[in-house]
$ cat data_10.cif   # mmCIF, C-alpha atoms
data_input
loop_
_atom_site.label_atom_id
_atom_site.label_comp_id
_atom_site.auth_asym_id
_atom_site.auth_seq_id
_atom_site.Cartn_x
_atom_site.Cartn_y
_atom_site.Cartn_z
CA MET A 1 121.41 85.85 106.47
CA ASP A 2 121.66 84.74 102.85
CA THR A 3 120.94 87.64 100.52
CA ASN A 4 121.20 85.26 97.55
CA GLN A 5 117.63 84.36 98.45
CA LEU A 6 116.49 87.95 98.03
CA GLU A 7 113.25 88.40 96.18
CA ILE A 8 111.65 91.59 94.94
CA ILE A 9 107.94 91.80 95.66
CA ALA A 10 105.31 94.33 94.65
CA TYR A 11 103.48 96.56 97.09
CA ASN A 12 100.17 95.62 98.60
CA ASP A 13 98.28 97.39 101.39
CA SER A 14 99.64 95.00 104.04
CA LEU A 15 103.13 96.44 103.34
CA ALA A 16 102.17 100.08 103.92
CA GLY A 17 103.59 99.97 107.46
CA ALA A 18 106.92 98.56 106.28
CA PHE A 19 107.16 101.25 103.59
CA LYS A 20 106.56 103.95 106.17
CA HIS A 21 108.90 102.44 108.79
CA LEU A 22 111.86 101.96 106.40
CA ASN A 23 111.63 105.52 105.13
CA GLU A 24 110.99 107.21 108.46
CA ALA A 25 114.09 105.50 109.89
CA TRP A 26 116.55 107.07 107.45
CA LEU A 27 114.71 110.39 107.32
CA GLN A 28 114.91 110.75 111.12
CA LYS A 29 118.55 109.67 111.17
CA TYR A 30 119.80 112.17 108.58
CA PHE A 31 117.14 114.86 108.15
CA GLU A 32 113.61 115.45 109.33
CA ILE A 33 110.28 114.16 108.15
CA GLU A 34 108.81 116.87 105.93
CA PRO A 35 105.10 117.43 105.20
CA ILE A 36 105.49 115.86 101.74
CA ASP A 37 106.96 112.73 103.39
CA VAL A 38 104.01 112.49 105.76
CA GLU A 39 101.64 112.62 102.79
CA MET A 40 103.60 110.09 100.70
CA LEU A 41 104.26 107.62 103.51
CA GLY A 42 100.79 107.93 105.00
CA ASN A 43 99.00 107.25 101.71
CA PRO A 44 101.29 105.16 99.47
CA THR A 45 98.48 103.68 97.40
CA GLN A 46 96.95 107.07 96.70
CA TYR A 47 100.27 108.91 96.24
CA PHE A 48 102.14 106.35 94.12
CA ILE A 49 100.03 103.48 92.81
CA ASP A 50 96.86 105.40 91.90
CA LYS A 51 98.99 107.90 89.93
CA GLY A 52 100.58 105.22 87.74
CA GLY A 53 103.58 104.50 89.95
CA HIS A 54 104.92 101.41 91.63
CA ILE A 55 106.39 100.38 94.98
CA PHE A 56 108.61 97.34 95.48
CA PHE A 57 110.30 95.64 98.41
CA ALA A 58 113.38 93.50 98.87
CA LYS A 59 112.51 90.47 100.97
CA VAL A 60 115.22 88.26 102.49
CA ALA A 61 114.32 85.11 104.42
CA GLY A 62 110.80 86.38 105.00
CA GLU A 63 111.95 89.80 106.26
CA ILE A 64 111.43 93.09 104.45
CA ALA A 65 114.94 94.42 103.91
CA GLY A 66 114.39 97.45 101.70
CA THR A 67 112.06 99.36 99.43
CA PHE A 68 111.79 101.90 96.64
CA ALA A 69 109.06 103.60 94.66
CA LEU A 70 108.79 104.73 91.08
CA LEU A 71 106.60 107.82 91.07
CA LYS A 72 105.20 108.70 87.66
CA ALA A 73 106.39 112.27 87.13
CA SER A 74 105.08 112.65 83.56
CA ASP A 75 104.72 110.56 80.42
CA GLY A 76 107.96 108.64 80.02
CA VAL A 77 109.50 110.00 83.23
CA TYR A 78 109.58 108.23 86.58
CA GLU A 79 111.06 109.54 89.80
CA LEU A 80 113.03 107.04 91.85
CA SER A 81 111.65 107.82 95.28
CA LYS A 82 111.71 106.56 98.85
CA MET A 83 114.57 104.10 98.41
CA ALA A 84 115.59 102.70 101.78
CA VAL A 85 117.39 99.65 103.15
CA ASP A 86 116.94 98.58 106.75
CA GLU A 87 120.12 99.25 108.75
CA SER A 88 120.47 95.58 109.66
CA PHE A 89 120.66 94.73 105.95
CA GLN A 90 122.98 97.53 104.82
CA GLY A 91 126.31 96.59 103.27
CA LYS A 92 124.84 93.46 101.68
CA LYS A 93 124.32 94.88 98.16
CA ILE A 94 120.54 95.11 98.60
CA GLY A 95 120.59 98.70 97.33
CA ASN A 96 122.26 97.44 94.17
CA ARG A 97 119.58 94.81 93.65
CA LEU A 98 116.82 97.37 94.23
CA MET A 99 118.46 99.78 91.77
CA GLU A 100 118.83 97.08 89.11
CA TYR A 101 115.17 96.17 89.53
CA ALA A 102 114.10 99.82 89.40
CA ILE A 103 115.94 100.38 86.14
CA ALA A 104 114.58 97.16 84.63
CA LYS A 105 111.05 98.13 85.67
CA ALA A 106 111.44 101.61 84.14
CA ILE A 107 112.60 100.02 80.87
CA GLU A 108 109.58 97.68 80.99
CA LEU A 109 107.37 100.77 81.47
CA ASN A 110 108.95 102.36 78.36
CA ALA A 111 110.34 105.23 80.40
CA ALA A 112 112.62 107.67 78.63
CA LYS A 113 114.36 108.56 81.88
CA ILE A 114 114.44 108.18 85.63
CA ILE A 115 115.00 111.21 87.83
CA LEU A 116 115.76 111.41 91.52
CA TYR A 117 116.24 114.04 94.20
CA SER A 118 118.76 113.50 96.98
CA ASN A 119 121.28 115.15 99.26
CA THR A 120 125.07 115.08 99.09
CA LYS A 121 125.03 114.33 102.84
CA LEU A 122 124.33 110.73 101.73
CA PRO A 123 127.58 109.68 99.97
CA PRO A 124 126.71 105.96 99.75
CA ALA A 125 123.44 106.81 97.98
CA ILE A 126 125.12 109.25 95.58
CA HIS A 127 127.80 106.63 94.85
CA LEU A 128 125.10 104.04 94.09
CA TYR A 129 123.31 106.40 91.72
CA ARG A 130 126.52 107.27 89.85
CA LYS A 131 127.48 103.57 89.67
CA TYR A 132 124.26 102.90 87.75
CA GLY A 133 124.75 105.78 85.32
CA PHE A 134 122.82 108.62 86.92
CA THR A 135 124.30 112.04 86.20
CA GLU A 136 123.80 115.32 87.99
CA VAL A 137 121.46 117.87 86.41
CA PRO A 138 120.32 121.28 87.69
CA VAL A 139 117.98 121.04 90.66
CA THR A 140 114.44 122.02 89.84
CA SER A 141 111.64 122.29 92.36
CA SER A 142 111.57 119.00 94.21
CA GLY A 143 109.19 119.69 97.05
CA TYR A 144 111.87 118.61 99.56
CA LYS A 145 113.79 121.05 101.77
CA ARG A 146 116.62 118.51 102.09
CA CYS A 147 117.20 118.22 98.32
CA ASN A 148 120.49 119.68 97.08
CA ILE A 149 121.13 117.39 94.11
CA LYS A 150 119.03 116.13 91.23
CA MET A 151 120.16 113.27 89.04
CA GLU A 152 118.79 111.51 85.99
CA LEU A 153 119.34 108.36 84.03
CA ILE A 154 118.51 108.51 80.35
CA ILE A 155 117.25 105.11 79.27
CA GLN A 156 118.64 104.11 75.91
CA LYS A 157 116.22 102.01 73.95
CA GLU A 158 117.71 99.29 71.79
CA GLN A 159 117.29 99.70 68.06
#

$ encode --input "data_10.cif" --output "structure tokens"
Amino acid sequence: MDTNQLEIIAYNDSLAGAFKHLNEAWLQKYFEIEPIDVEMLGNPTQYFIDKGGHIFFAKVAGEIAGTFALLKASDGVYELSKMAVDESFQGKKIGNRLMEYAIAKAIELNAAKIILYSNTKLPPAIHLYRKYGFTEVPVTSSGYKRCNIKMELIIQKEQ
């Protein structure tokens, strides 16, 4: 499988099942599916897109390999949410490509910062976030029981 042919595609309703499947897989493996997950994954258009957010997918050789969402938290602030890479594609730098795209998209959207909520039980994810400049900040109400770390990336605008 040649990940050099990876393309990032935008969400459409035909991808709702893939979005749900990718996220349920990691949630069931490490945690549990919480009521907020059911709502988000069951209604991605309503929960993300209709509120000014975006969902993207990594596609490799016609297969959906990963996903992430940018949930509009407030003016200038997006939450990196529901990032997942299919187990069969892990270790192939797809998470890096998704993260680079997420940051570029946030810059394009004139975001001042990106926030995320995670859990320290996921060291590869925390490592990825730190690698791209996210720093730990005090946890505020996230809506997730599993959340024990909040991170943010301040986007520096060029002068």

$ atom_distance --input "data_10.cif" --atom1 "atom CA of Leu41 of chain A" --atom2 "atom CA of Ile115 of chain A"
19.3 Å

$ residues_around --input "data_10.cif" --residues "segment 18-20 of chain A" --least-positions-apart "6" --cutoff "9 Å" --atoms "all atoms listed in the file" --output "MDAnalysis selection string"
chainID A and resid 11 38 40:42 44 55 57 64 66:68 82 84

$ resolve_selection --input "data_10.cif" --expression "the PyMOL selection byres ((chain A and resi 137) around 7)" --output "NGL selection string"
:A and (135-136 or 138-139 or 150-152)

$ atom_distance --input "data_10.cif" --atom1 "atom CA of Leu6 of chain A" --atom2 "atom CA of Val60 of chain A"
4.6 Å

$ closest_residue --input "data_10.cif" --among "A:Gly133, A:Glu87, A:Lys29, A:Ala106" --to "Gly52 of chain A" --atoms "only C-alpha atoms"
A:Ala106

$ atom_distance --input "data_10.cif" --atom1 "atom CA of Ser142 of chain A" --atom2 "atom CA of Asn96 of chain A"
24.1 Å

$ resolve_selection --input "data_10.cif" --expression "the PyMOL selection byres ((chain A and resi 31-34) around 12)" --output "list in words"
Lys20, His21, Asn23, Glu24, Ala25, Trp26, Leu27, Gln28, Lys29, Tyr30, Pro35, Ile36, Asp37, Val38, Glu39, Met40, Leu41, Gly42, Ser118, Asn119, Lys121, Leu122, Gly143, Tyr144, Lys145, Arg146 and Cys147 of chain A

$ residues_around --input "data_10.cif" --residues "Gly95 of chain A" --least-positions-apart "5" --cutoff "12 Å" --atoms "all atoms listed in the file" --output "PyMOL selection string"
chain A and resi 3+6+8+57-58+65-68+82-87+89-90+100-102+124-129+131-132

$ closest_residue --input "data_10.cif" --among "A:Gly17, A:Gly62, A:Gly53, A:Gly76" --to "Gln5 of chain A" --atoms "only C-alpha atoms"
A:Gly62

$ closest_residue --input "data_10.cif" --among "A:Val77, A:Ala10, A:Leu22, A:Leu98" --to "Ile114 of chain A" --atoms "all atoms listed in the file"
A:Val77

$ closest_residue --input "data_10.cif" --among "A:Ile94, A:Ala61, A:Ile154, A:Ala73" --to "Ile107 of chain A" --atoms "all atoms listed in the file"
A:Ile154

$ resolve_selection --input "data_10.cif" --expression "the PyMOL selection byres ((chain A and resi 81) around 8)" --output "list in words"
Phe68, Ala69, Leu70, Leu71, Glu79, Leu80, Lys82, Met83, Leu116 and Tyr117 of chain A

$ write_last_selection --input "data_10.cif" --atoms "C-alpha atoms" --output "compact mmCIF listing (two decimals), in the frame of the given file"
# COMPACT_ATOMS: atom_id res chain seq x y z
CA PHE A 68 111.79 101.90 96.64
CA ALA A 69 109.06 103.60 94.66
CA LEU A 70 108.79 104.73 91.08
CA LEU A 71 106.60 107.82 91.07
CA GLU A 79 111.06 109.54 89.80
CA LEU A 80 113.03 107.04 91.85
CA LYS A 82 111.71 106.56 98.85
CA MET A 83 114.57 104.10 98.41
CA LEU A 116 115.76 111.41 91.52
CA TYR A 117 116.24 114.04 94.20

$ closest_residue --input "data_10.cif" --among "A:Arg97, A:Ile9, A:Thr140, A:Lys72" --to "Asp50 of chain A" --atoms "only C-alpha atoms"
A:Lys72

$ closest_residue --input "data_10.cif" --among "A:Glu7, A:Arg130, A:Asn12, A:Tyr78" --to "Ile103 of chain A" --atoms "all atoms listed in the file"
A:Tyr78

$ build_atoms --input "data_10.cif" --residues "segment 49-84 of chain A" --atoms "N, CA and C atoms" --output "CSV table (one decimal), in the coordinates of the input"
chain,number,residue,atom,x,y,z
A,49,ILE,N,100.7,104.5,93.7
A,49,ILE,CA,100.0,103.5,92.8
A,49,ILE,C,98.9,104.1,92.0
A,50,ASP,N,98.0,104.8,92.6
A,50,ASP,CA,96.9,105.4,91.9
A,50,ASP,C,97.3,106.4,90.8
A,51,LYS,N,98.5,106.9,90.9
A,51,LYS,CA,99.0,107.9,89.9
A,51,LYS,C,99.9,107.3,88.9
A,52,GLY,N,99.8,105.9,88.8
A,52,GLY,CA,100.6,105.2,87.7
A,52,GLY,C,102.0,104.8,88.2
A,53,GLY,N,102.3,104.9,89.5
A,53,GLY,CA,103.6,104.5,90.0
A,53,GLY,C,103.6,103.1,90.5
A,54,HIS,N,104.7,102.8,91.1
A,54,HIS,CA,104.9,101.4,91.6
A,54,HIS,C,105.8,101.5,92.9
A,55,ILE,N,105.6,100.5,93.8
A,55,ILE,CA,106.4,100.4,95.0
A,55,ILE,C,106.8,98.9,95.1
A,56,PHE,N,108.1,98.7,95.4
A,56,PHE,CA,108.6,97.3,95.5
A,56,PHE,C,109.4,97.2,96.8
A,57,PHE,N,109.6,95.9,97.2
A,57,PHE,CA,110.3,95.6,98.4
A,57,PHE,C,111.3,94.5,98.1
A,58,ALA,N,112.4,94.6,98.8
A,58,ALA,CA,113.4,93.5,98.9
A,58,ALA,C,113.0,92.7,100.1
A,59,LYS,N,112.9,91.4,99.9
A,59,LYS,CA,112.5,90.5,101.0
A,59,LYS,C,113.6,89.4,101.1
A,60,VAL,N,114.2,89.2,102.3
A,60,VAL,CA,115.2,88.3,102.5
A,60,VAL,C,114.8,87.4,103.7
A,61,ALA,N,114.7,86.1,103.4
A,61,ALA,CA,114.3,85.1,104.4
A,61,ALA,C,113.1,85.5,105.2
A,62,GLY,N,112.1,86.0,104.4
A,62,GLY,CA,110.8,86.4,105.0
A,62,GLY,C,110.8,87.8,105.6
A,63,GLU,N,111.9,88.5,105.7
A,63,GLU,CA,112.0,89.8,106.3
A,63,GLU,C,112.0,90.9,105.2
A,64,ILE,N,111.3,92.0,105.4
A,64,ILE,CA,111.4,93.1,104.4
A,64,ILE,C,112.7,93.8,104.7
A,65,ALA,N,113.6,93.9,103.7
A,65,ALA,CA,114.9,94.4,103.9
A,65,ALA,C,115.1,95.8,103.3
A,66,GLY,N,114.3,96.1,102.4
A,66,GLY,CA,114.4,97.4,101.7
A,66,GLY,C,113.2,97.7,100.8
A,67,THR,N,113.2,98.9,100.3
A,67,THR,CA,112.1,99.4,99.4
A,67,THR,C,112.5,100.5,98.5
A,68,PHE,N,111.7,100.7,97.5
A,68,PHE,CA,111.8,101.9,96.6
A,68,PHE,C,110.5,102.1,95.9
A,69,ALA,N,110.3,103.3,95.4
A,69,ALA,CA,109.1,103.6,94.7
A,69,ALA,C,109.5,104.2,93.3
A,70,LEU,N,108.7,104.0,92.3
A,70,LEU,CA,108.8,104.7,91.1
A,70,LEU,C,107.5,105.6,91.0
A,71,LEU,N,107.7,106.9,91.1
A,71,LEU,CA,106.6,107.8,91.1
A,71,LEU,C,106.5,108.3,89.6
A,72,LYS,N,105.3,108.2,89.0
A,72,LYS,CA,105.2,108.7,87.7
A,72,LYS,C,105.2,110.2,87.7
A,73,ALA,N,106.3,110.8,87.1
A,73,ALA,CA,106.4,112.3,87.1
A,73,ALA,C,105.7,112.9,85.9
A,74,SER,N,105.8,112.2,84.8
A,74,SER,CA,105.1,112.6,83.6
A,74,SER,C,105.2,111.5,82.6
A,75,ASP,N,104.6,111.6,81.4
A,75,ASP,CA,104.7,110.6,80.4
A,75,ASP,C,106.2,110.3,80.1
A,76,GLY,N,106.6,109.0,80.3
A,76,GLY,CA,108.0,108.6,80.0
A,76,GLY,C,109.0,109.0,81.1
A,77,VAL,N,108.6,109.6,82.2
A,77,VAL,CA,109.5,110.0,83.2
A,77,VAL,C,109.0,109.5,84.6
A,78,TYR,N,109.9,108.7,85.2
A,78,TYR,CA,109.6,108.2,86.6
A,78,TYR,C,110.6,108.8,87.6
A,79,GLU,N,110.1,109.1,88.7
A,79,GLU,CA,111.1,109.5,89.8
A,79,GLU,C,111.3,108.4,90.7
A,80,LEU,N,112.6,108.0,90.9
A,80,LEU,CA,113.0,107.0,91.8
A,80,LEU,C,112.9,107.7,93.2
A,81,SER,N,112.0,107.2,94.0
A,81,SER,CA,111.6,107.8,95.3
A,81,SER,C,111.6,106.8,96.4
A,82,LYS,N,111.9,107.3,97.6
A,82,LYS,CA,111.7,106.6,98.8
A,82,LYS,C,112.5,105.2,98.8
A,83,MET,N,113.7,105.3,98.4
A,83,MET,CA,114.6,104.1,98.4
A,83,MET,C,115.2,104.0,99.8
A,84,ALA,N,115.0,102.9,100.4
A,84,ALA,CA,115.6,102.7,101.8
A,84,ALA,C,115.9,101.2,102.0
